[in-house]
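**Student:** Quick one: the structure is below, and I'll ask about it shortly.
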Amino acid sequence: MKLKAAIQYKLSVQCRSMLIYLGFFLLFAVIFPLIPLLLSDGITNVQVDLMIPSMIYMMLLSVTSVGQDFKLLIQCGTARIHIFFANLIASLILTVGMSIVLRLLFWLFDGRLLPNFHLGYPVISMLTQNEFLPTQFLLGVFLFLASVLGLVVGAILARFDGYFRLAIGAVSLGIVILGAILFQLLPADRALAVINFVKKLIGLSANGFNIWQFIIFIFSISLILLAVVYALNRRQEVKRLNA
């Protein structure tokens, strides 16, 4: 199976899953909340977050698709590098599609159709001041980051078994705790230097908040995680059940 066929397969499966998710999302996040709103004569204000459920879904979609799709694609003769690029391109396309859908839902249900019913993404709106291009790009990079995180988790679950998974989780948590402890032990001037460095990375400066630098920062994290996915993908093996 060539790269084009692998991408088409990934998109066909994941697009169906995304449509099912959107159907359930509209049912539980739009139709059900509208019932008390209509019964209360429009007095109650209803606000639903679009971003967090979508990020969780993108992550879960990537996690569940990695192991099963890898086995199928390998058995069809697909090269590992093609599997990696198929996952990457499918994630990018789904991210763009989902961000456009979220933007459309925000536009429709931002008080236009029903004044007391709002679908939105408060954090992103606060960061971008609802400017079109920054909002669209920030939506995209957050969704892409969630998808790549799912690829990392899925690759780890497919690559390692039992105690190795627990060990990886423990080591990851230990690194975070150790980093926090070391930061607290730093002298005040060095701790301030670290804080200033982090601020520069995410776009905070004396001149204000640079949204484009923050977008580049989030996207750079995604690229680093993709390198981890590529390394895990190169050594991943097809697991066989013992007869």
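Naming scheme: A, B, ... for chains in displayed order of the structure tokens; residues 1 onward per chain; ligands 1 onward as shown.
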Just want the 10 Å neighbourhood of Leu60 of chain A, counted on only C-alpha atoms, with same-chain residues fewer than 6 positions away dropped. Output as a list in words.
**Tutor:** Ser54, Ala146, Ser147, Leu149, Gly150, Leu151, Val153 and Gly154 of chain A
**Student:** What's the separation between atom CA of Gln47 of chain A and atom CA of Leu145 of chain A, in Å to one decimal place?
**Tutor:**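 According to the coordinates, atom CA of Gln47 of chain A and atom CA of Leu145 of chain A are separated by 24.8 Å.
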**Student:** Taking only C-alpha atoms into account, which of A:Asn116, A:Met98, A:Leu139, A:Val176 comes nearest Pro36 of chain A?
**Tutor:**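 That would be A:Asn116, the residue with the smallest distance to Pro36 of chain A.
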**Student:** I need the residues in segment 62-180 of chain A that are alpha helix (DSSP H) according to DSSP; give them as an MDAnalysis selection string.
**Tutor:** chainID A and resid 62:75 80:108 122:128 132:159 162:180
**Student:** Just the residues within 9 Å of Gln8 of chain A, please, counting only C-alpha atoms, with nothing from its chain fewer than 5 positions along; format it as a list in words.
**Tutor:**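 Within the cut-off, the hits are Leu3, Val13, Ala86 and Ala90 of chain A.
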**Student:** Convert the current residue selection to file output with N, CA, C and O atoms, as an mmCIF file, in the first residue's frame.
**Tutor:**
data_model
loop_
_atom_site.group_PDB
_atom_site.id
_atom_site.type_symbol
_atom_site.label_atom_id
_atom_site.label_comp_id
_atom_site.auth_asym_id
_atom_site.auth_seq_id
_atom_site.Cartn_x
_atom_site.Cartn_y
_atom_site.Cartn_z
ATOM 1 N N LEU A 3 1.747 5.523 -0.078
ATOM 2 C CA LEU A 3 1.415 6.616 0.828
ATOM 3 C C LEU A 3 0.028 7.181 0.543
ATOM 4 O O LEU A 3 -0.753 7.432 1.474
ATOM 5 N N VAL A 13 -11.523 6.557 7.506
ATOM 6 C CA VAL A 13 -11.902 6.053 8.834
ATOM 7 C C VAL A 13 -12.096 7.204 9.813
ATOM 8 O O VAL A 13 -13.104 7.282 10.528
ATOM 9 N N ALA A 86 1.401 9.287 6.745
ATOM 10 C CA ALA A 86 -0.060 9.148 6.638
ATOM 11 C C ALA A 86 -0.737 9.660 7.905
ATOM 12 O O ALA A 86 -1.737 10.385 7.839
ATOM 13 N N ALA A 90 -2.980 13.043 7.740
ATOM 14 C CA ALA A 90 -4.374 12.879 8.163
ATOM 15 C C ALA A 90 -4.687 13.768 9.359
ATOM 16 O O ALA A 90 -5.759 14.388 9.422
#
**Student:** Could you pull the residues within 10 Å of Trp212 of chain A, counting only C-alpha atoms, minus those fewer than 2 positions along the same chain, as a list in words?
**Tutor:**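 Using only C-alpha atoms, the neighbours found are Thr128, Leu133, Pro134, Phe137, Leu138, Ile202, Gly203, Phe209, Asn210, Phe214, Ile215, Ile216, Phe217 and Ile218 of chain A.
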**Student:** Could the residues in this selection be saved with N, CA, C and O atoms as a short mmCIF file (atom, residue, chain, number, x, y, z; two decimals), in the first residue's frame?
**Tutor:**
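Below is the file that was written, again19.cif:
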data_model
loop_
_atom_site.label_atom_id
_atom_site.label_comp_id
_atom_site.auth_asym_id
_atom_site.auth_seq_id
_atom_site.Cartn_x
_atom_site.Cartn_y
_atom_site.Cartn_z
N THR A 128 -6.77 35.97 21.59
CA THR A 128 -6.74 36.53 20.23
C THR A 128 -7.64 37.74 20.03
O THR A 128 -7.62 38.34 18.96
N LEU A 133 -7.67 35.66 11.79
CA LEU A 133 -6.52 34.81 11.49
C LEU A 133 -5.85 34.25 12.75
O LEU A 133 -5.58 33.04 12.81
N PRO A 134 -5.56 35.07 13.77
CA PRO A 134 -4.97 34.48 14.99
C PRO A 134 -5.87 33.42 15.61
O PRO A 134 -5.37 32.38 16.07
N PHE A 137 -5.67 30.16 13.45
CA PHE A 137 -4.39 29.47 13.59
C PHE A 137 -4.24 28.88 14.98
O PHE A 137 -3.71 27.77 15.13
N LEU A 138 -4.68 29.62 16.02
CA LEU A 138 -4.55 29.09 17.37
C LEU A 138 -5.46 27.88 17.59
O LEU A 138 -5.07 26.91 18.24
N ILE A 202 6.84 32.02 25.06
CA ILE A 202 5.40 32.00 24.79
C ILE A 202 4.87 33.34 24.29
O ILE A 202 3.67 33.47 24.05
N GLY A 203 5.77 34.32 24.13
CA GLY A 203 5.35 35.59 23.52
C GLY A 203 5.00 36.69 24.48
O GLY A 203 4.43 37.71 24.05
N PHE A 209 1.51 40.86 24.74
CA PHE A 209 1.45 39.44 24.35
C PHE A 209 1.48 39.31 22.83
O PHE A 209 0.65 39.90 22.14
N ASN A 210 2.47 38.55 22.34
CA ASN A 210 2.61 38.31 20.90
C ASN A 210 1.93 36.98 20.57
O ASN A 210 2.49 35.91 20.82
N PHE A 214 3.33 32.87 20.29
CA PHE A 214 2.71 31.80 21.08
C PHE A 214 2.25 30.66 20.17
O PHE A 214 2.42 29.48 20.51
N ILE A 215 1.69 31.00 19.02
CA ILE A 215 1.28 29.98 18.05
C ILE A 215 2.48 29.17 17.58
O ILE A 215 2.43 27.93 17.50
N ILE A 216 3.58 29.86 17.29
CA ILE A 216 4.81 29.17 16.85
C ILE A 216 5.33 28.26 17.97
O ILE A 216 5.81 27.15 17.71
N PHE A 217 5.22 28.72 19.21
CA PHE A 217 5.67 27.91 20.35
C PHE A 217 4.87 26.62 20.47
O PHE A 217 5.45 25.53 20.63
N ILE A 218 3.55 26.72 20.38
CA ILE A 218 2.70 25.52 20.46
C ILE A 218 3.00 24.58 19.30
O ILE A 218 3.09 23.35 19.48
#
**Student:** For Phe109 of chain A, find every residue with an atom within 6 Å (counting only C-alpha atoms), except residues of its own chain fewer than 4 positions away, and show them as a ChimeraX atom specification.
**Tutor:** /A:105,118-119
**Student:** Store the residues picked out above in a file with N, CA, C and O atoms, as an mmCIF file, in the first residue's frame.
**Tutor:**
data_model
loop_
_atom_site.group_PDB
_atom_site.id
_atom_site.type_symbol
_atom_site.label_atom_id
_atom_site.label_comp_id
_atom_site.auth_asym_id
_atom_site.auth_seq_id
_atom_site.Cartn_x
_atom_site.Cartn_y
_atom_site.Cartn_z
ATOM 1 N N LEU A 105 -19.397 27.001 13.984
ATOM 2 C CA LEU A 105 -20.323 26.871 15.109
ATOM 3 C C LEU A 105 -20.272 28.103 16.011
ATOM 4 O O LEU A 105 -21.304 28.573 16.501
ATOM 5 N N HIS A 118 -24.847 30.371 23.582
ATOM 6 C CA HIS A 118 -23.521 30.688 23.047
ATOM 7 C C HIS A 118 -22.642 29.442 23.021
ATOM 8 O O HIS A 118 -22.534 28.727 24.023
ATOM 9 N N LEU A 119 -22.031 29.180 21.877
ATOM 10 C CA LEU A 119 -20.953 28.205 21.760
ATOM 11 C C LEU A 119 -19.663 28.987 21.559
ATOM 12 O O LEU A 119 -19.610 29.885 20.715
#
**Student:** Using only C-alpha atoms for the distances, tell me which of A:Ile211, A:Leu143, A:Leu182, A:Val101 is nearest to Phe25 of chain A.
**Tutor:**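 Smallest distance to Phe25 of chain A is found for A:Val101.
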**Student:** Got a sec: who's within 6 Å of Thr95 of chain A, counting only C-alpha atoms, leaving out chain neighbours fewer than 4 positions off, as a list in words?
**Tutor:** Ser91, Gly140, Leu143 and Phe144 of chain A
**Student:** Limited to all heavy atoms, could you put the picked residues into a file as a PDB file, in the first residue's frame?
**Tutor:**
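Listing of result-v6.pdb after writing:
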ATOM      1  N   SER A  91      -3.751  13.856  10.304  1.00  0.00           N
ATOM      2  CA  SER A  91      -3.963  14.720  11.476  1.00  0.00           C
ATOM      3  C   SER A  91      -4.060  16.185  11.066  1.00  0.00           C
ATOM      4  O   SER A  91      -4.906  16.928  11.578  1.00  0.00           O
ATOM      5  CB  SER A  91      -2.820  14.530  12.482  1.00  0.00           C
ATOM      6  OG  SER A  91      -2.821  13.228  13.007  1.00  0.00           O
ATOM      7  N   GLY A 140      -6.208  25.802  15.268  1.00  0.00           N
ATOM      8  CA  GLY A 140      -5.545  24.725  14.538  1.00  0.00           C
ATOM      9  C   GLY A 140      -4.379  24.127  15.304  1.00  0.00           C
ATOM     10  O   GLY A 140      -4.259  22.898  15.396  1.00  0.00           O
ATOM     11  N   LEU A 143      -5.584  22.044  18.353  1.00  0.00           N
ATOM     12  CA  LEU A 143      -6.145  20.762  17.922  1.00  0.00           C
ATOM     13  C   LEU A 143      -5.052  19.833  17.401  1.00  0.00           C
ATOM     14  O   LEU A 143      -5.070  18.620  17.658  1.00  0.00           O
ATOM     15  CB  LEU A 143      -7.201  20.995  16.840  1.00  0.00           C
ATOM     16  CG  LEU A 143      -8.499  21.674  17.296  1.00  0.00           C
ATOM     17  CD1 LEU A 143      -9.375  22.009  16.090  1.00  0.00           C
ATOM     18  CD2 LEU A 143      -9.263  20.787  18.264  1.00  0.00           C
ATOM     19  N   PHE A 144      -4.085  20.396  16.678  1.00  0.00           N
ATOM     20  CA  PHE A 144      -2.979  19.586  16.163  1.00  0.00           C
ATOM     21  C   PHE A 144      -2.128  19.061  17.306  1.00  0.00           C
ATOM     22  O   PHE A 144      -1.690  17.903  17.286  1.00  0.00           O
ATOM     23  CB  PHE A 144      -2.137  20.417  15.201  1.00  0.00           C
ATOM     24  CG  PHE A 144      -1.038  19.643  14.533  1.00  0.00           C
ATOM     25  CD1 PHE A 144      -1.338  18.573  13.706  1.00  0.00           C
ATOM     26  CD2 PHE A 144       0.287  19.979  14.729  1.00  0.00           C
ATOM     27  CE1 PHE A 144      -0.324  17.846  13.076  1.00  0.00           C
ATOM     28  CE2 PHE A 144       1.293  19.268  14.110  1.00  0.00           C
ATOM     29  CZ  PHE A 144       1.003  18.199  13.288  1.00  0.00           C
TER      30      PHE A 144
END
**Student:** Which is closest to Gly120 of chain A among A:Val148, A:Val228, A:Val48, A:Val194, if we use only C-alpha atoms?
**Tutor:** A:Val48
**Student:** I need the residues in segment 95-227 of chain A that are strand (DSSP E or B) according to DSSP; give them as a list of chain:residue names.
**Tutor:**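 Matching residues for strand (DSSP E or B) in segment 95-227 of chain A are A:Asp110, A:Phe117, A:His118, A:Leu119, A:Gly120, A:Leu204, A:Ser205, A:Gly208, A:Phe209.
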**Student:** Export, as a PDB file, in the first residue's frame, the selected residues with C-alpha atoms.
**Tutor:**
ATOM      1  CA  ASP A 110     -22.538  33.549  19.243  1.00  0.00           C
ATOM      2  CA  PHE A 117     -27.286  30.513  23.650  1.00  0.00           C
ATOM      3  CA  HIS A 118     -23.521  30.688  23.047  1.00  0.00           C
ATOM      4  CA  LEU A 119     -20.953  28.205  21.760  1.00  0.00           C
ATOM      5  CA  GLY A 120     -17.417  29.454  22.188  1.00  0.00           C
ATOM      6  CA  LEU A 204       5.068  37.603  26.736  1.00  0.00           C
ATOM      7  CA  SER A 205       7.158  40.775  26.894  1.00  0.00           C
ATOM      8  CA  GLY A 208       2.442  42.857  25.639  1.00  0.00           C
ATOM      9  CA  PHE A 209       1.453  39.445  24.354  1.00  0.00           C
TER      10      PHE A 209
END
**Student:** From the list A:Ala180, A:Arg234, A:Leu61, A:Phe70, which residue is nearest Tyr21 of chain A when using only C-alpha atoms?
**Tutor:** A:Leu61
**Student:** Could you give me, as a PDB file with N, CA and C atoms, in the first residue's frame, the residues within 12 Å of Val229 of chain A, counting only C-alpha atoms and dropping anything in the same chain fewer than 5 positions from it?
**Tutor:**
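Just written: out_15.pdb:
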ATOM      1  N   SER A  62      -6.645   9.808  17.844  1.00  0.00           N
ATOM      2  CA  SER A  62      -5.275   9.427  17.489  1.00  0.00           C
ATOM      3  C   SER A  62      -4.813   8.217  18.282  1.00  0.00           C
ATOM      4  N   VAL A  63      -5.146   8.195  19.584  1.00  0.00           N
ATOM      5  CA  VAL A  63      -4.724   7.077  20.439  1.00  0.00           C
ATOM      6  C   VAL A  63      -5.290   5.761  19.925  1.00  0.00           C
ATOM      7  N   VAL A  66      -3.829   4.387  16.310  1.00  0.00           N
ATOM      8  CA  VAL A  66      -2.416   4.077  16.058  1.00  0.00           C
ATOM      9  C   VAL A  66      -2.166   2.584  15.950  1.00  0.00           C
ATOM     10  N   ARG A  80       7.151   1.952   6.929  1.00  0.00           N
ATOM     11  CA  ARG A  80       6.958   2.653   8.192  1.00  0.00           C
ATOM     12  C   ARG A  80       6.969   4.168   8.005  1.00  0.00           C
ATOM     13  N   ILE A  81       7.822   4.658   7.148  1.00  0.00           N
ATOM     14  CA  ILE A  81       7.879   6.102   6.911  1.00  0.00           C
ATOM     15  C   ILE A  81       6.580   6.587   6.292  1.00  0.00           C
ATOM     16  N   ILE A  83       3.635   5.173   6.867  1.00  0.00           N
ATOM     17  CA  ILE A  83       2.650   5.158   7.950  1.00  0.00           C
ATOM     18  C   ILE A  83       2.767   6.434   8.776  1.00  0.00           C
ATOM     19  N   PHE A  84       4.014   6.829   9.054  1.00  0.00           N
ATOM     20  CA  PHE A  84       4.226   8.061   9.825  1.00  0.00           C
ATOM     21  C   PHE A  84       3.645   9.269   9.095  1.00  0.00           C
ATOM     22  N   PHE A  85       3.955   9.410   7.814  1.00  0.00           N
ATOM     23  CA  PHE A  85       3.456  10.558   7.051  1.00  0.00           C
ATOM     24  C   PHE A  85       1.940  10.481   6.848  1.00  0.00           C
ATOM     25  N   ASN A  87      -0.175   9.289   9.082  1.00  0.00           N
ATOM     26  CA  ASN A  87      -0.715   9.797  10.341  1.00  0.00           C
ATOM     27  C   ASN A  87      -0.590  11.317  10.422  1.00  0.00           C
ATOM     28  N   LEU A  88       0.566  11.825  10.000  1.00  0.00           N
ATOM     29  CA  LEU A  88       0.811  13.266  10.069  1.00  0.00           C
ATOM     30  C   LEU A  88      -0.137  14.042   9.161  1.00  0.00           C
ATOM     31  N   SER A 147      -3.901  16.158  18.786  1.00  0.00           N
ATOM     32  CA  SER A 147      -3.791  14.994  17.908  1.00  0.00           C
ATOM     33  C   SER A 147      -2.416  14.348  18.015  1.00  0.00           C
ATOM     34  N   VAL A 148      -1.365  15.169  18.054  1.00  0.00           N
ATOM     35  CA  VAL A 148       0.002  14.634  18.158  1.00  0.00           C
ATOM     36  C   VAL A 148       0.222  13.977  19.517  1.00  0.00           C
ATOM     37  N   LEU A 149      -0.327  14.575  20.580  1.00  0.00           N
ATOM     38  CA  LEU A 149      -0.243  13.938  21.900  1.00  0.00           C
ATOM     39  C   LEU A 149      -0.890  12.553  21.867  1.00  0.00           C
ATOM     40  N   GLY A 150      -2.017  12.461  21.150  1.00  0.00           N
ATOM     41  CA  GLY A 150      -2.668  11.162  20.998  1.00  0.00           C
ATOM     42  C   GLY A 150      -1.794  10.175  20.252  1.00  0.00           C
ATOM     43  N   LEU A 151      -1.081  10.657  19.231  1.00  0.00           N
ATOM     44  CA  LEU A 151      -0.167   9.780  18.494  1.00  0.00           C
ATOM     45  C   LEU A 151       0.957   9.280  19.395  1.00  0.00           C
ATOM     46  N   VAL A 152       1.473  10.155  20.257  1.00  0.00           N
ATOM     47  CA  VAL A 152       2.540   9.754  21.181  1.00  0.00           C
ATOM     48  C   VAL A 152       2.031   8.686  22.145  1.00  0.00           C
ATOM     49  N   VAL A 153       0.880   8.963  22.764  1.00  0.00           N
ATOM     50  CA  VAL A 153       0.316   8.001  23.727  1.00  0.00           C
ATOM     51  C   VAL A 153      -0.006   6.679  23.030  1.00  0.00           C
ATOM     52  N   GLY A 154      -0.603   6.763  21.842  1.00  0.00           N
ATOM     53  CA  GLY A 154      -0.934   5.549  21.101  1.00  0.00           C
ATOM     54  C   GLY A 154       0.290   4.745  20.724  1.00  0.00           C
ATOM     55  N   ALA A 155       1.351   5.447  20.309  1.00  0.00           N
ATOM     56  CA  ALA A 155       2.592   4.754  19.939  1.00  0.00           C
ATOM     57  C   ALA A 155       3.230   4.086  21.156  1.00  0.00           C
ATOM     58  N   ILE A 156       3.180   4.747  22.314  1.00  0.00           N
ATOM     59  CA  ILE A 156       3.730   4.146  23.537  1.00  0.00           C
ATOM     60  C   ILE A 156       2.927   2.918  23.944  1.00  0.00           C
ATOM     61  N   LEU A 157       1.603   3.032  23.878  1.00  0.00           N
ATOM     62  CA  LEU A 157       0.757   1.893  24.246  1.00  0.00           C
ATOM     63  C   LEU A 157       0.966   0.716  23.296  1.00  0.00           C
ATOM     64  N   ALA A 158       1.185   1.013  22.010  1.00  0.00           N
ATOM     65  CA  ALA A 158       1.390  -0.054  21.031  1.00  0.00           C
ATOM     66  C   ALA A 158       2.802  -0.634  21.098  1.00  0.00           C
ATOM     67  N   ARG A 159       3.760   0.191  21.514  1.00  0.00           N
ATOM     68  CA  ARG A 159       5.165  -0.239  21.516  1.00  0.00           C
ATOM     69  C   ARG A 159       5.529  -1.012  22.770  1.00  0.00           C
ATOM     70  N   SER A 222       4.563  20.582  19.102  1.00  0.00           N
ATOM     71  CA  SER A 222       3.980  19.504  18.293  1.00  0.00           C
ATOM     72  C   SER A 222       5.046  18.840  17.429  1.00  0.00           C
ATOM     73  N   LEU A 223       5.947  19.639  16.855  1.00  0.00           N
ATOM     74  CA  LEU A 223       7.011  19.080  16.011  1.00  0.00           C
ATOM     75  C   LEU A 223       7.964  18.208  16.826  1.00  0.00           C
ATOM     76  N   ILE A 224       8.278  18.638  18.047  1.00  0.00           N
ATOM     77  CA  ILE A 224       9.146  17.833  18.922  1.00  0.00           C
ATOM     78  C   ILE A 224       8.479  16.497  19.247  1.00  0.00           C
ATOM     79  N   ARG A 234       9.479   3.771  14.131  1.00  0.00           N
ATOM     80  CA  ARG A 234      10.540   3.016  13.452  1.00  0.00           C
ATOM     81  C   ARG A 234      10.807   1.676  14.126  1.00  0.00           C
ATOM     82  N   ARG A 235      10.574   1.611  15.443  1.00  0.00           N
ATOM     83  CA  ARG A 235      10.874   0.388  16.185  1.00  0.00           C
ATOM     84  C   ARG A 235       9.635  -0.393  16.604  1.00  0.00           C
ATOM     85  N   GLN A 236       8.475   0.112  16.222  1.00  0.00           N
ATOM     86  CA  GLN A 236       7.246  -0.587  16.608  1.00  0.00           C
ATOM     87  C   GLN A 236       7.114  -1.898  15.844  1.00  0.00           C
TER      88      GLN A 236
END
**Student:** Taking only C-alpha atoms into account, name the residue in A:Leu92, A:Ala206, A:Leu225, A:Leu173 that is nearest to Met58 of chain A.
**Tutor:**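 Using only C-alpha atoms, the shortest distance to Met58 of chain A belongs to A:Leu92.
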